[in-house]
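Have a look at the structure below, then the notes.
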Amino acid sequence: MRTTNLFVMLALMGSALFAQEAKKDKDIKAIKDMCGCYEVKFNFAETFNNAKDSTYTGSPVKRVGGLEWVQLVEDNSDKIVMQHLLVVSDSMVIKHWRQDWLYENTELYTYDKGTTWKYNRYAKEDVAGQWTQKVYQVDDSPRYEGTATWIHEDGRSYWANVADAPLPRREYTIRNDYDVLQRRNVHEITDSGWLHEQDNKKVVRKDGAKDFVLAEEKGYDVYTKVADTKCLAAQTWWKENQQFWKLVRTKWDKIFDRDEDLVLYPKVDRKTLFSYLFSMDPNSSKKEINQVLDNFLAEGK
């Protein structure tokens, strides 16, 4: 009887392990399905406001489109790195945001406000089966991070999470009346590509005060798959610049590996970090790149 029970227990454990690996394979496929060449439509509209001032004016509706190449940079069973590149023309490509996906990751940098991110460590059981999405600025500095489970049900594959983030460029260039964009991000794979849906809250965050939600907005970014040949300019650009950005990522990884809160200077000598990096020669040395990034560390040098 004991032998039979042992066999049953081992069989159940084997079945559970197989199911877990099959689920993880689906997750990986969904994540990597976001790579390739896409025509993108970015749509944002403010939906509600809680302003105490009757003269409050919300952000205008934003509708823009473009061509974007999503380059697979790293690919292993526990980490997938994808770089977004905007194709402006055959001769102009702009490095856009980056997203990393880490399986059962226990370390996150949570955005606070200003240029501060708080280091947090999670228990392994709290992130079991989950993927962390880490989103980075164009200069590979952090934006926001969140962990959640990919869901594959009823013919759908999607991932949803809520995370605090800095104001996006479309906002901080026109307003300064709130401090944090609390983002509810949904990434869903579709028959024609993928969808990045957002339900965001514009949060006023001050020391010693309770967070105040000034307004809310809806984001709807539609990625429609097109032939990879339409993004040849981005593919060529990446081949010519990938070593430079690998050195940048390596330096950032060393900064993150300190496992402590991160505070950055928004500007050095009146220039932003991306201004420095974008103007550097693609063949710049590791020492030159490291020095630029070190100059922006406000704490923990």
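By order of appearance in the structure tokens: chains A, B, ..., then residues from 1 within every chain, and ligands from 1 in the order shown.
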
Practice item. Would you list, as a PyMOL selection string, the residues of region 8-194 of chain A that end up in strand (DSSP E) under DSSP run on this structure's backbone? Key: chain A and resi 36-49+62-75+79-89+92-103+107-113+116-121+131-136+142-148+151-153+156-165+180-190+193-194

Expected file: the selected residues, C-alpha atoms, as a short mmCIF file (atom, residue, chain, number, x, y, z; two decimals), in the first residue's frame:
data_model
loop_
_atom_site.label_atom_id
_atom_site.label_comp_id
_atom_site.auth_asym_id
_atom_site.auth_seq_id
_atom_site.Cartn_x
_atom_site.Cartn_y
_atom_site.Cartn_z
CA GLY A 36 8.84 41.95 -35.05
CA CYS A 37 7.71 44.87 -37.21
CA TYR A 38 4.51 46.73 -36.32
CA GLU A 39 2.42 49.63 -37.41
CA VAL A 40 1.45 51.24 -34.10
CA LYS A 41 -1.41 53.53 -33.15
CA PHE A 42 -1.05 55.28 -29.79
CA ASN A 43 -4.30 56.61 -28.31
CA PHE A 44 -4.75 58.45 -24.99
CA ALA A 45 -7.72 60.32 -23.58
CA GLU A 46 -8.42 61.75 -20.13
CA THR A 47 -11.65 60.25 -18.82
CA PHE A 48 -12.33 61.72 -15.35
CA ASN A 49 -10.95 64.41 -13.09
CA LYS A 62 -3.48 62.15 -28.10
CA ARG A 63 -3.54 60.10 -31.29
CA VAL A 64 -0.29 59.34 -33.09
CA GLY A 65 0.99 56.51 -35.21
CA GLY A 66 4.29 55.08 -36.33
CA LEU A 67 6.33 52.13 -37.45
CA GLU A 68 8.16 50.19 -34.74
CA TRP A 69 10.60 47.31 -34.73
CA VAL A 70 10.75 45.15 -31.57
CA GLN A 71 14.15 43.50 -31.47
CA LEU A 72 14.75 40.31 -29.47
CA VAL A 73 17.99 41.03 -27.58
CA GLU A 74 18.22 38.23 -25.02
CA ASP A 75 16.33 34.96 -25.04
CA LYS A 79 14.83 36.24 -19.08
CA ILE A 80 13.66 37.82 -22.32
CA VAL A 81 14.89 41.27 -23.39
CA MET A 82 13.20 43.25 -26.18
CA GLN A 83 14.26 46.63 -27.55
CA HIS A 84 11.75 48.92 -29.30
CA LEU A 85 13.04 51.03 -32.20
CA LEU A 86 11.00 53.74 -33.96
CA VAL A 87 11.42 53.84 -37.72
CA VAL A 88 11.06 57.48 -38.80
CA SER A 89 12.46 56.94 -42.30
CA MET A 92 16.39 57.76 -39.33
CA VAL A 93 15.79 55.34 -36.47
CA ILE A 94 15.18 56.35 -32.84
CA LYS A 95 15.89 54.09 -29.89
CA HIS A 96 12.60 53.84 -27.99
CA TRP A 97 11.62 52.02 -24.77
CA ARG A 98 12.86 48.60 -23.69
CA GLN A 99 11.05 45.80 -21.89
CA ASP A 100 12.63 42.92 -19.97
CA TRP A 101 10.65 39.90 -18.80
CA LEU A 102 12.00 37.90 -15.83
CA TYR A 103 10.48 34.65 -14.57
CA GLU A 107 13.74 41.93 -6.84
CA LEU A 108 11.97 45.03 -8.14
CA TYR A 109 12.64 48.76 -8.27
CA THR A 110 9.35 50.53 -7.50
CA TYR A 111 8.98 54.12 -8.66
CA ASP A 112 8.40 56.60 -5.82
CA LYS A 113 8.40 60.12 -7.27
CA THR A 116 13.69 58.02 -7.02
CA TRP A 117 13.04 54.27 -7.21
CA LYS A 118 12.68 52.10 -4.11
CA TYR A 119 14.32 48.67 -3.97
CA ASN A 120 11.96 45.87 -2.91
CA ARG A 121 12.52 42.17 -2.35
CA TRP A 131 6.72 37.21 -14.86
CA THR A 132 8.14 40.62 -13.98
CA GLN A 133 7.98 43.20 -16.74
CA LYS A 134 10.72 45.82 -16.36
CA VAL A 135 10.24 48.88 -18.55
CA TYR A 136 13.14 51.23 -19.28
CA PRO A 142 14.32 52.58 -15.13
CA ARG A 143 10.70 53.60 -15.67
CA TYR A 144 8.44 51.07 -13.95
CA GLU A 145 8.28 47.39 -12.99
CA GLY A 146 5.53 44.97 -12.05
CA THR A 147 4.99 41.27 -11.56
CA ALA A 148 1.93 39.19 -12.52
CA ILE A 151 -3.29 34.16 -18.37
CA HIS A 152 -4.19 31.81 -21.22
CA GLU A 153 -7.94 31.23 -21.10
CA ARG A 156 -6.90 34.83 -24.96
CA SER A 157 -3.33 35.37 -23.78
CA TYR A 158 -2.77 38.43 -21.60
CA TRP A 159 -0.81 39.86 -18.65
CA ALA A 160 -2.13 42.61 -16.35
CA ASN A 161 -0.43 44.60 -13.61
CA VAL A 162 -0.58 47.92 -11.74
CA ALA A 163 2.65 49.89 -11.28
CA ASP A 164 3.67 53.46 -10.43
CA ALA A 165 5.64 55.27 -13.11
CA VAL A 180 3.09 59.87 -10.57
CA LEU A 181 1.26 57.99 -13.29
CA GLN A 182 -0.21 54.87 -11.70
CA ARG A 183 -0.51 52.53 -14.65
CA ARG A 184 -2.74 49.52 -15.06
CA ASN A 185 -1.05 47.79 -17.99
CA VAL A 186 -2.60 44.97 -19.98
CA HIS A 187 -0.55 43.27 -22.69
CA GLU A 188 -2.67 41.01 -24.85
CA ILE A 189 -1.69 38.98 -27.90
CA THR A 190 -4.16 39.34 -30.77
CA GLY A 193 -0.36 41.52 -33.39
CA TRP A 194 -0.76 42.74 -29.83
#

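In terms of minimum interatomic distance to Thr57 (chain A), A:Arg175 ranks closest within A:Arg175, A:Lys206, A:Glu288, A:Asn241, counting only C-alpha atoms.
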
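For the residues A:Glu104, A:Glu217, A:Asp281, A:Asp257, ranking by smallest atom-to-atom distance to Trp150 (chain A) using only C-alpha atoms places A:Glu104 first.
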
Check your understanding: If we count only C-alpha atoms, what is near Glu299 (chain A) at a cut-off of 12 Å, once residues fewer than 3 positions away on the same chain are taken out, given as a PyMOL selection string?
Key -> chain A and resi 115-117+255+258+260-265+294-296

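Compared by their closest atoms to Lys267 (chain A), and using only C-alpha atoms, the residues A:Ala298, A:Leu247, A:Val222, A:Ala30 rank with A:Ala298 nearest.
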